[in-house]
Amino acid sequence: MKSAVRDLQGRRSFFRRLGAAAAGLGAASVLSDADLEGAVQNVNRSSQPSQLKITDLRVAVVTGAPFTCPIIRVDTNQGISGYGEVRDGASKTYALMLKSRLVGENPCNVDRVFRKIKQFGHHARQAGGVCGVEMACWDLAGKAFGVPVYQMLGGRFRDRVRLYADTTEVEDGHAQGRRLKERMDRGLTFLKVDFGVNLLHEKPGTLNVPAGAPARGGDMVMHPFTGLAITDKGVAYLSDFVAAIREEIGMEVPLASDHFGHIDVNSCIRLARAMEKHQLAWMEDMVPWQLPHLLRQIKEATETPILTGEDIYLKEDFAKLVDMQAVDMIHPDLASAGGILETKKIGDYAQEHGVAMAMHFAGTPVSFMANVNCAAATENFIALEHHSLEVPWWEDLVTGMPKPLVKAGHATVPDAPGLGVELNPDTVHAHLLAGEGYFEPTPQWDDERSWDRLWS
Ligand SMILES: [Mg+2]
């Protein structure tokens, strides 16, 4: 070997050793431009995450999706915006009242922002603002750092998220079963149907209604206080109804159920026992979640899985239900439960105690993608609700993902930064609630304040 060649090889190996040592020390000077390019190519160059600040919060209220859903946009000092959504049916005010607490915060500090505003959430729709802002902060953090939300939660357990869909109701069991079969023909692998006292109130001898009790159970009277009971004849009628459904769809496909009416706890037990032979995936919200002892009483009396959770805010009340062994499964709505990270924490807590998590959802694709990212990153996840299969323009509300978003009964987990979608302004404009604008300025919320501290 000529000496010049030996020299060159020696120098190359010296630089390789130097490069390896320098890389260990974090020195970049010996890395090539291509190496540096590769290291930073996923970072949004218009964004310096550590300097990102929230500057504005605006709203566009969409209706007919099928529900009314306020989509929120959180703007920043670096030209990127994040999207979130107040829970279906809730007031946009729940988000707007948070604006003055958010301006100036770095949205990448998602948990810090969440802890600052979580006192302004409560159960059910009242949590909608806090949860919508939390989604938008994750969207911004993901866009600033160039990663999908599920990645920031620890990565994913699945590439596709299984969906379940509710079904419009008819009074005949076989007709209802055929509607459910149509769902299966569209690719759904997990079904839900509502049945209960609504099918009985015109059928003589099926309900026991004390004088003065609300005949249909009453929306505002909790189950134990209506005095409404289902008779043996009523239980048999509902069992026949579900048997007819099973004849149409078979026994293999999971079939969940909800909305039985505000009936007493012993009626719940008798109905749940009658359903055992029909192998329901779960019976949902048989009594209010605030009455965990009654839920446990039902659960212990039947082999039909008992589930609740769509109106619970924060992990603490889920933990109580799990600790009491009051439910077989939990069912948070991410837009009520406390947002993406809190819902993952809820799922993880339940998993440690052998309890699976299904997810309630009834919003637009913005909140849907928050759910899909969370479901991808939560191991004990079972299925996510989809309430909009009959809304033809629903998927057109967003861009950035291959369509359809729902394929063969599953949602694809997005790989794009943040939630994975951007809004399609034309479709959002076309479905704004009457009197509502498209992310119009909100200076009226700049100075909203109170003495927020929770202890002295
Ligand atoms: Mg429900």
# chains A, B, ... in the order shown; residues from 1 in each chain; ligands from 1
$ residues_near_ligand --ligand "ligand 1" --cutoff "8 Å" --atoms "only C-alpha atoms and all ligand atoms" --output "number ranges by chain"
A: 258-259, 284-285, 308, 310, 360
$ select_by_dssp --residues "region 240-277 of chain A" --states "alpha helix (DSSP H)" --output "list in words"
Asp240, Phe241, Val242, Ala243, Ala244, Ile245, Arg246, Glu247, Glu248, Ile249, Val265, Asn266, Ser267, Cys268, Ile269, Arg270, Leu271, Ala272, Arg273 and Ala274 of chain A
$ closest_atom_pairs --of "region 272-370 of chain A" --to "region 220-228 of chain A" --cutoff "12 Å" --atoms "only C-alpha atoms" --output "tab-separated table"
residue	atom	partner	partner_atom	distance
A:Asp285	CA	A:His223	CA	10.3
A:Met286	CA	A:His223	CA	8.4
A:Val287	CA	A:His223	CA	6.0
A:Pro288	CA	A:Met222	CA	7.1
A:Trp289	CA	A:Met222	CA	10.6
A:Gln290	CA	A:Met222	CA	10.0
A:Leu291	CA	A:Pro224	CA	9.7
A:Leu294	CA	A:Pro224	CA	9.3
A:Leu295	CA	A:His223	CA	11.6
$ write_last_selection --atoms "N, CA and C atoms" --output "PDB file, in the first residue's frame"
ATOM      1  N   ASP A 285     -75.067   3.303  31.442  1.00  0.00           N
ATOM      2  CA  ASP A 285     -75.761   4.299  32.270  1.00  0.00           C
ATOM      3  C   ASP A 285     -77.128   3.802  32.759  1.00  0.00           C
ATOM      4  N   MET A 286     -77.151   2.590  33.300  1.00  0.00           N
ATOM      5  CA  MET A 286     -78.439   2.058  33.790  1.00  0.00           C
ATOM      6  C   MET A 286     -78.971   2.918  34.927  1.00  0.00           C
ATOM      7  N   VAL A 287     -78.074   3.394  35.783  1.00  0.00           N
ATOM      8  CA  VAL A 287     -78.421   4.420  36.786  1.00  0.00           C
ATOM      9  C   VAL A 287     -77.324   5.476  36.707  1.00  0.00           C
ATOM     10  N   PRO A 288     -77.551   6.679  37.242  1.00  0.00           N
ATOM     11  CA  PRO A 288     -76.546   7.740  37.120  1.00  0.00           C
ATOM     12  C   PRO A 288     -75.204   7.346  37.753  1.00  0.00           C
ATOM     13  N   TRP A 289     -74.121   7.819  37.138  1.00  0.00           N
ATOM     14  CA  TRP A 289     -72.783   7.483  37.625  1.00  0.00           C
ATOM     15  C   TRP A 289     -72.545   8.006  39.034  1.00  0.00           C
ATOM     16  N   GLN A 290     -73.347   9.003  39.445  1.00  0.00           N
ATOM     17  CA  GLN A 290     -73.181   9.570  40.790  1.00  0.00           C
ATOM     18  C   GLN A 290     -73.630   8.596  41.882  1.00  0.00           C
ATOM     19  N   LEU A 291     -74.216   7.468  41.492  1.00  0.00           N
ATOM     20  CA  LEU A 291     -74.722   6.494  42.460  1.00  0.00           C
ATOM     21  C   LEU A 291     -73.962   5.167  42.297  1.00  0.00           C
ATOM     22  N   LEU A 294     -75.257   1.779  43.603  1.00  0.00           N
ATOM     23  CA  LEU A 294     -76.328   1.136  42.831  1.00  0.00           C
ATOM     24  C   LEU A 294     -75.764   0.471  41.576  1.00  0.00           C
ATOM     25  N   LEU A 295     -74.778   1.117  40.956  1.00  0.00           N
ATOM     26  CA  LEU A 295     -74.133   0.486  39.790  1.00  0.00           C
ATOM     27  C   LEU A 295     -73.504  -0.846  40.202  1.00  0.00           C
TER      28      LEU A 295
END
$ select_by_dssp --residues "region 144-231 of chain A" --states "strand (DSSP E)" --output "PyMOL selection string"
chain A and resi 160-165+191-194+207-208+229-230
$ atom_distance --atom1 "CA of Leu102 (chain A)" --atom2 "CA of Arg87 (chain A)"
19.1 Å
$ atom_distance --atom1 "CA of Glu379 (chain A)" --atom2 "CA of Trp394 (chain A)"
27.9 Å
$ atom_distance --atom1 "CA of Leu163 (chain A)" --atom2 "CA of His386 (chain A)"
6.3 Å
$ residues_around --residues "Trp445 (chain A)" --least-positions-apart "6" --cutoff "7 Å" --atoms "only C-alpha atoms" --output "PyMOL selection string"
chain A and resi 96-97+99-100
$ write_last_selection --atoms "C-alpha atoms" --output "PDB file, in the first residue's frame"
ATOM      1  CA  LEU A  96     -64.311  31.803  25.501  1.00  0.00           C
ATOM      2  CA  MET A  97     -64.314  32.538  29.237  1.00  0.00           C
ATOM      3  CA  LYS A  99     -59.263  33.246  26.823  1.00  0.00           C
ATOM      4  CA  SER A 100     -57.942  35.769  29.338  1.00  0.00           C
TER       5      SER A 100
END
$ residues_around --residues "Asp166 (chain A)" --least-positions-apart "4" --cutoff "12 Å" --atoms "only C-alpha atoms" --output "ChimeraX atom specification"
/A:176,179-180,183-184,188,190-195,255-259,360-362,384-390
$ residues_around --residues "Leu52 (chain A)" --least-positions-apart "4" --cutoff "7 Å" --atoms "only C-alpha atoms" --output "PyMOL selection string"
chain A and resi 48+76-78+106
$ residues_around --residues "region 429-439 of chain A" --least-positions-apart "5" --cutoff "9 Å" --atoms "only C-alpha atoms" --output "count of residues only"
14
$ residues_around --residues "Val372 (chain A)" --least-positions-apart "4" --cutoff "12 Å" --atoms "only C-alpha atoms" --output "mmCIF file with N, CA and C atoms, in the first residue's frame"
data_model
loop_
_atom_site.group_PDB
_atom_site.id
_atom_site.type_symbol
_atom_site.label_atom_id
_atom_site.label_comp_id
_atom_site.auth_asym_id
_atom_site.auth_seq_id
_atom_site.Cartn_x
_atom_site.Cartn_y
_atom_site.Cartn_z
ATOM 1 N N MET A 135 -57.255 20.059 23.885
ATOM 2 C CA MET A 135 -57.037 19.487 22.537
ATOM 3 C C MET A 135 -56.228 20.445 21.675
ATOM 4 N N PRO A 148 -47.000 13.740 15.757
ATOM 5 C CA PRO A 148 -48.418 13.507 16.065
ATOM 6 C C PRO A 148 -48.642 13.477 17.581
ATOM 7 N N VAL A 149 -49.866 13.750 17.991
ATOM 8 C CA VAL A 149 -50.172 13.788 19.428
ATOM 9 C C VAL A 149 -49.917 12.431 20.078
ATOM 10 N N TYR A 150 -50.316 11.330 19.417
ATOM 11 C CA TYR A 150 -50.149 10.018 20.053
ATOM 12 C C TYR A 150 -48.684 9.767 20.403
ATOM 13 N N ARG A 156 -47.934 4.520 20.003
ATOM 14 C CA ARG A 156 -49.251 3.922 19.780
ATOM 15 C C ARG A 156 -49.255 2.411 19.970
ATOM 16 N N PHE A 157 -50.408 1.922 20.354
ATOM 17 C CA PHE A 157 -50.614 0.484 20.524
ATOM 18 C C PHE A 157 -51.301 -0.114 19.302
ATOM 19 N N ARG A 158 -51.777 0.735 18.391
ATOM 20 C CA ARG A 158 -52.523 0.218 17.233
ATOM 21 C C ARG A 158 -52.468 1.240 16.095
ATOM 22 N N ASP A 159 -52.576 0.730 14.866
ATOM 23 C CA ASP A 159 -52.555 1.598 13.689
ATOM 24 C C ASP A 159 -53.959 2.035 13.276
ATOM 25 N N ARG A 160 -54.963 1.272 13.712
ATOM 26 C CA ARG A 160 -56.353 1.604 13.385
ATOM 27 C C ARG A 160 -57.160 1.588 14.669
ATOM 28 N N VAL A 161 -58.133 2.463 14.737
ATOM 29 C CA VAL A 161 -58.974 2.574 15.933
ATOM 30 C C VAL A 161 -60.370 2.041 15.600
ATOM 31 N N ARG A 162 -60.786 1.022 16.344
ATOM 32 C CA ARG A 162 -62.083 0.401 16.079
ATOM 33 C C ARG A 162 -63.217 1.344 16.499
ATOM 34 N N LEU A 163 -64.229 1.435 15.635
ATOM 35 C CA LEU A 163 -65.355 2.327 15.897
ATOM 36 C C LEU A 163 -66.613 1.520 16.214
ATOM 37 N N LEU A 334 -63.955 12.142 25.892
ATOM 38 C CA LEU A 334 -62.724 12.920 26.038
ATOM 39 C C LEU A 334 -63.010 14.414 26.199
ATOM 40 N N ILE A 340 -57.235 15.019 26.292
ATOM 41 C CA ILE A 340 -56.500 13.875 25.752
ATOM 42 C C ILE A 340 -55.656 13.180 26.826
ATOM 43 N N THR A 343 -57.707 11.605 29.699
ATOM 44 C CA THR A 343 -58.408 10.388 29.269
ATOM 45 C C THR A 343 -57.438 9.213 29.179
ATOM 46 N N LYS A 344 -56.219 9.490 28.718
ATOM 47 C CA LYS A 344 -55.218 8.396 28.729
ATOM 48 C C LYS A 344 -54.928 7.964 30.174
ATOM 49 N N ALA A 358 -64.009 1.871 26.712
ATOM 50 C CA ALA A 358 -64.618 2.309 25.457
ATOM 51 C C ALA A 358 -64.705 3.828 25.526
ATOM 52 N N MET A 359 -64.907 4.497 24.398
ATOM 53 C CA MET A 359 -64.927 5.966 24.399
ATOM 54 C C MET A 359 -66.193 6.501 23.755
ATOM 55 N N HIS A 360 -66.865 7.408 24.475
ATOM 56 C CA HIS A 360 -68.047 8.088 23.956
ATOM 57 C C HIS A 360 -67.603 9.282 23.125
ATOM 58 N N PHE A 361 -68.291 9.534 22.007
ATOM 59 C CA PHE A 361 -67.920 10.672 21.163
ATOM 60 C C PHE A 361 -69.088 11.032 20.251
ATOM 61 N N PRO A 365 -64.890 16.070 13.137
ATOM 62 C CA PRO A 365 -63.599 15.382 12.971
ATOM 63 C C PRO A 365 -62.452 15.990 13.780
ATOM 64 N N VAL A 366 -62.604 17.226 14.263
ATOM 65 C CA VAL A 366 -61.541 17.812 15.098
ATOM 66 C C VAL A 366 -61.428 17.028 16.408
ATOM 67 N N SER A 367 -62.534 16.942 17.118
ATOM 68 C CA SER A 367 -62.554 16.172 18.359
ATOM 69 C C SER A 367 -62.343 14.680 18.075
ATOM 70 N N PHE A 368 -62.835 14.231 16.942
ATOM 71 C CA PHE A 368 -62.646 12.825 16.543
ATOM 72 C C PHE A 368 -61.164 12.477 16.503
ATOM 73 N N ALA A 376 -55.279 5.519 20.198
ATOM 74 C CA ALA A 376 -54.090 4.831 19.680
ATOM 75 C C ALA A 376 -53.059 4.630 20.785
ATOM 76 N N ALA A 377 -53.032 5.562 21.740
ATOM 77 C CA ALA A 377 -51.968 5.568 22.751
ATOM 78 C C ALA A 377 -52.400 4.959 24.084
ATOM 79 N N THR A 378 -53.606 4.385 24.139
ATOM 80 C CA THR A 378 -54.123 3.853 25.407
ATOM 81 C C THR A 378 -54.403 2.362 25.231
ATOM 82 N N PHE A 381 -57.947 0.289 25.409
ATOM 83 C CA PHE A 381 -59.037 0.803 24.573
ATOM 84 C C PHE A 381 -59.769 -0.337 23.847
ATOM 85 N N ILE A 382 -61.100 -0.202 23.782
ATOM 86 C CA ILE A 382 -61.933 -1.210 23.104
ATOM 87 C C ILE A 382 -62.513 -0.672 21.796
ATOM 88 N N ALA A 383 -63.274 0.425 21.870
ATOM 89 C CA ALA A 383 -63.924 0.970 20.668
ATOM 90 C C ALA A 383 -64.342 2.415 20.926
ATOM 91 N N LEU A 384 -64.333 3.212 19.872
ATOM 92 C CA LEU A 384 -64.696 4.636 19.920
ATOM 93 C C LEU A 384 -66.023 4.848 19.196
ATOM 94 N N GLU A 385 -66.900 5.638 19.794
ATOM 95 C CA GLU A 385 -68.200 5.897 19.177
ATOM 96 C C GLU A 385 -68.056 6.810 17.947
ATOM 97 N N HIS A 386 -68.896 6.579 16.961
ATOM 98 C CA HIS A 386 -69.008 7.475 15.806
ATOM 99 C C HIS A 386 -70.492 7.772 15.623
ATOM 100 N N LEU A 405 -62.043 9.013 6.187
ATOM 101 C CA LEU A 405 -61.431 8.889 7.510
ATOM 102 C C LEU A 405 -61.824 7.565 8.158
ATOM 103 N N VAL A 406 -63.039 7.099 7.811
ATOM 104 C CA VAL A 406 -63.547 5.849 8.371
ATOM 105 C C VAL A 406 -63.581 4.796 7.267
ATOM 106 N N HIS A 410 -63.167 1.277 10.950
ATOM 107 C CA HIS A 410 -62.033 1.735 11.745
ATOM 108 C C HIS A 410 -61.593 3.116 11.267
ATOM 109 N N ALA A 411 -60.947 3.864 12.158
ATOM 110 C CA ALA A 411 -60.304 5.127 11.790
ATOM 111 C C ALA A 411 -58.806 4.897 11.724
ATOM 112 N N THR A 412 -58.192 5.425 10.664
ATOM 113 C CA THR A 412 -56.739 5.330 10.551
ATOM 114 C C THR A 412 -56.094 6.344 11.492
ATOM 115 N N VAL A 413 -55.061 5.920 12.184
ATOM 116 C CA VAL A 413 -54.342 6.841 13.074
ATOM 117 C C VAL A 413 -53.455 7.738 12.211
ATOM 118 N N PRO A 414 -53.626 9.072 12.335
ATOM 119 C CA PRO A 414 -52.879 9.975 11.448
ATOM 120 C C PRO A 414 -51.404 10.073 11.835
ATOM 121 N N ASP A 415 -50.574 10.365 10.852
ATOM 122 C CA ASP A 415 -49.148 10.563 11.116
ATOM 123 C C ASP A 415 -48.746 12.023 11.035
ATOM 124 N N GLY A 418 -49.513 17.097 15.316
ATOM 125 C CA GLY A 418 -50.678 17.540 16.077
ATOM 126 C C GLY A 418 -51.803 16.541 16.004
ATOM 127 N N LEU A 419 -53.043 17.047 15.917
ATOM 128 C CA LEU A 419 -54.196 16.154 15.807
ATOM 129 C C LEU A 419 -54.209 15.434 14.469
ATOM 130 N N GLY A 420 -53.584 16.036 13.451
ATOM 131 C CA GLY A 420 -53.451 15.359 12.163
ATOM 132 C C GLY A 420 -54.334 15.915 11.063
ATOM 133 N N VAL A 421 -55.145 16.942 11.370
ATOM 134 C CA VAL A 421 -56.033 17.508 10.352
ATOM 135 C C VAL A 421 -56.020 19.037 10.424
#
$ closest_residue --among "A:Met283, A:Gly129, A:Ala326, A:Asp317" --to "Glu300 (chain A)" --atoms "only C-alpha atoms"
A:Ala326
$ closest_residue --among "A:Gly409, A:Gly261, A:Pro417, A:Pro292" --to "Leu207 (chain A)" --atoms "only C-alpha atoms"
A:Gly261
